[in-house]
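Reading through the structure tokens given below for one structure.
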Amino acid sequence: MSKFRFFDLNPEQQDAASHEHGPLLILAGAGTGKTRTITARIAWLISQGVDPAKIMAVTFTNKAAREMKDRIAGMVDPDQAKAVTASTFHALCVRILRGDANRLGYKNNFSIFDEGDQTGLIKKVITRVCAKDEKIDHNLAKSLISKAKNSGLNASTDENSLAGAVYRRYQEELHSLNAMDFDDLLVQAVKLMEEHPEVRDKWRARIEQLMVDEFQDTNGLQLRMVGLLASGDPPNVCVVGDDDQSIYGWRGADVSNILEFERHFPNPKVIRLEQNYRSTNAILGAANRLIRNNPRRRGKNLWSPQQGGEPVRIIAVPDDRKEAEFIVEEIAAHRRSQNLPWEHFAIIYRMNAQSRLLEENLRKHKIPYRLVGGKSFFERREIKDIMAYMTALLNPSDDQSLLRIINTPPRGIGATTVELALSHSVEHRQSLYEALRHDLFLETCTRKAADAIKRFTDELEETRIRVSTPGAPIAEIISTLIENCDYMEDMKRTCKTPDEAMNREENVREMIRALDEYQKRSKDGLQGYLDEVSLDREREEDKAETALGVTLITMHAAKGLEFPHVHLIGVEDGFLPHDRSKAEGTVDEERRLFYVGITRAMKSLIITWCRARVKFGSPMHCLPSPFLQEIKGEHVEEETYEEIMSRPMGEEDIMAQFAKLRAQLSG
DNA sequence: AGGTGAGCATTTTTT
DNA sequence: ATGCTCACCT
């Protein structure tokens, strides 16, 4: 290891990067160069002769996986970098399951149900299982099911309860559709490896060094998976995380995985990364003072050699409208006086709903902004349609996909016919598709309906054969399928504006184009492409890195990001420790959430709270978050809106006033 | 089918 | 205030 370049790592980072065998726990505080360290470790392992193809890095997001691969590519030989696997938990599970799901009674061509598909199926199950007067809320059922799955295979299904009945029925339905939801991918992959050690061993043999990023966000199943995949004795597993940034408990993440790492992987080497390369000491001081109020933590103190910096400001403002106005003007003045790009500013809040007032004010001032998150990008009808066509081709048992496309576009197979087919399929214990191909069924239909069905299924059959021919031009074939049924025309017909039609059409074309490119770079065909699309819903805001401006983002979504100048808004009691989390007893997690927010800031941090705000339509009195008491100390200033407004104006403020006037005149 | 209105709850969302 | 769901209507 003498000759290895350590890429400017500090001593602790070097220690972590050059650990060779056995469990390693890297406690990496915010901004301490975590990614740099693990990628350097990968480079180091390769330099020590570890086969890059036997290094596996598991992340939570595709973005993180891509970033890691990119960073590695900058450190080692390109071929070696390409051989390293960086994958999300879910994508890895799909790879495992595509090989051997048949051992669990699924077919290897199972469909992946996204949240929308899942909700649809749960709703259907509820109408079947529940009496009219005691319907269980489908959102509740969904979260119950998810919790049950994530907490482990043996979780009781509540034999007698209604929720238990819904769960069991839902699972049966999924199975008969040959489909898995996101949680199932984990459940089934773990089950597969636990019940079939030879499958586990096959994967273990391919993994000599296993790394897990954001370990504080793992749930029980993911922990088990790590245990199954790690090879060596003691296992060569390196996990990286920060217990203080565990903010996904409500989604099933279990902090005890990282807190009690030693229990799962005895005698690990534990390394703390505490030197922070991101923030001023003013900001770190506030963060440290806050987080030390949490019980049950490994304990860590972020420090930085750079001195104080701008004080952290806590500002009380009269109400949420004034808050939004104030912040936007503050940003405008700040960026004007120091000639900064808008991208240096972020406004971070607890709830998406809080973005609205900010957006209004930013628009009024003609300030560019990008809103991260929200739900608007998710469900694009046309994309789901095309995916349903592809899914139905690959997995004919998937009634849901088939139902989606059977009369989209309208092809003369109406609701009545579908109902008939469905009951026929239930009676004969077939899939819907089998029923449609069944002469016995076709005879019960009208001549017209039977013809329509025949045309439809024949086309699917033919396409399936063409697609499964090795080397076939898949994108072209799918494109033809869609052309032939006039999908586009029908889709455009149902659009309200020509603009919308254009947009959707472009989405479909993009989808086909992406399929074509996928085929060029991969041998996994249509199935592989569908998996990728299902598990990697590229969010537009990530893709469009060119459209920049002030960032509006929730604290959750901000984890892992950094901004020179940060505003944390709406830091009020009942809002930041959210009332709901107080009731649920998860205030610690709220404190960590605030900690995440604070540690996003590099140079300046301004925290505001409102004395009143409009809640549920009516104005309510508010108190400051109790967390604000905790961060007070050196380099933290408290002010009020009134004090700031009554201060004599400096030149900058005058300029800002002009800017405001100008904006008002033109807006 | 697809649109309209009453009724209702109202955090966060990597896959 | 607002957005979403479900039931009912055209």
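As shown in the structure tokens, the chain order sets the letters A, B, ...; within each chain, residues go from 1, and ligands are also counted from 1 in the order they appear.
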
I'd like the neighbourhood of DC4 (chain C) as a PDB file with C-alpha atoms (C1' of nucleotides), in the first residue's frame, where a residue qualifies if any of its atoms comes within 12 Å (using only C-alpha atoms (C1' of nucleotides)), though same-chain residues fewer than 5 positions away should be ignored.
ATOM      1  C1'  DG B   7     -67.074  15.788   1.893  1.00  0.00           C
ATOM      2  C1'  DC B   8     -62.775  15.501   3.968  1.00  0.00           C
ATOM      3  C1'  DA B   9     -58.057  15.551   5.607  1.00  0.00           C
ATOM      4  C1'  DT B  10     -53.982  18.130   5.704  1.00  0.00           C
TER       5       DT B  10
END

Could you tell me, as number ranges by chain, which residues of region 325-540 of chain A DSSP assigns to alpha helix (DSSP H) when given the backbone?
A: 325-338, 355-364, 381-394, 399-406, 415-427, 432-437, 439-444, 447-468, 474-484, 487-493, 498-521, 525-535, 540

Compute the chain A side of the contact with chain B at 7 Å, counting only C-alpha atoms (C1' of nucleotides), and hand it back as a ChimeraX atom specification.
/A:60-61,90,182,351,535,556

Got time to write the residues from that selection, C-alpha atoms, as a CSV table (one decimal), in the first residue's frame?
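So out.csv came out as:
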chain,number,residue,atom,x,y,z
A,60,PHE,CA,-30.4,3.8,-2.3
A,61,THR,CA,-30.8,5.9,-5.3
A,90,HIS,CA,-33.8,-2.8,-5.7
A,182,PHE,CA,-41.1,-2.6,-4.7
A,351,MET,CA,-43.5,20.4,3.8
A,535,LEU,CA,-36.6,1.3,-11.0
A,556,HIS,CA,-35.8,15.3,3.2

Excluding region 94-111 of chain A and its own-chain neighbours fewer than 4 positions away, which residues fall within 9 Å of it when counting only C-alpha atoms (C1' of nucleotides)? Please give them as JSON, numbers by chain.
{"A": [89, 90, 175, 176, 177, 178, 179, 180, 181, 185, 186, 188, 189, 191, 192, 193, 196, 199, 203, 391, 392, 394, 395, 397, 398, 527, 531]}

From A:Ala205, A:Val226, A:Val372, A:Ala353, residue lying nearest chain C [only C-alpha atoms (C1' of nucleotides)]:
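Residue with the minimum atom-to-atom distance to chain C: A:Ala353.
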
Using only C-alpha atoms (C1' of nucleotides), determine which residues lie at most 7 Å from Gly412 (chain A), disregarding the query and same-chain residues fewer than 2 positions distant; provide the list as a ChimeraX atom specification.
/A:410,414,449,452

Keeping only N, CA, C and O atoms, write the selected residues as a tab-separated table (two decimals), in the first residue's frame.
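Here's the written file out_33.tsv:
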chain	number	residue	atom	x	y	z
A	410	PRO	N	-59.29	2.69	-28.07
A	410	PRO	CA	-60.52	1.89	-28.21
A	410	PRO	C	-60.41	0.98	-29.42
A	410	PRO	O	-60.04	1.43	-30.51
A	414	GLY	N	-65.15	-3.61	-25.24
A	414	GLY	CA	-65.73	-2.75	-24.21
A	414	GLY	C	-65.77	-3.38	-22.83
A	414	GLY	O	-65.33	-4.51	-22.63
A	449	ALA	N	-67.20	-8.68	-31.05
A	449	ALA	CA	-66.26	-8.66	-29.93
A	449	ALA	C	-65.18	-9.72	-30.15
A	449	ALA	O	-63.98	-9.46	-29.95
A	452	ALA	N	-62.64	-8.55	-32.58
A	452	ALA	CA	-61.76	-7.52	-32.01
A	452	ALA	C	-60.71	-8.15	-31.11
A	452	ALA	O	-59.52	-7.81	-31.15
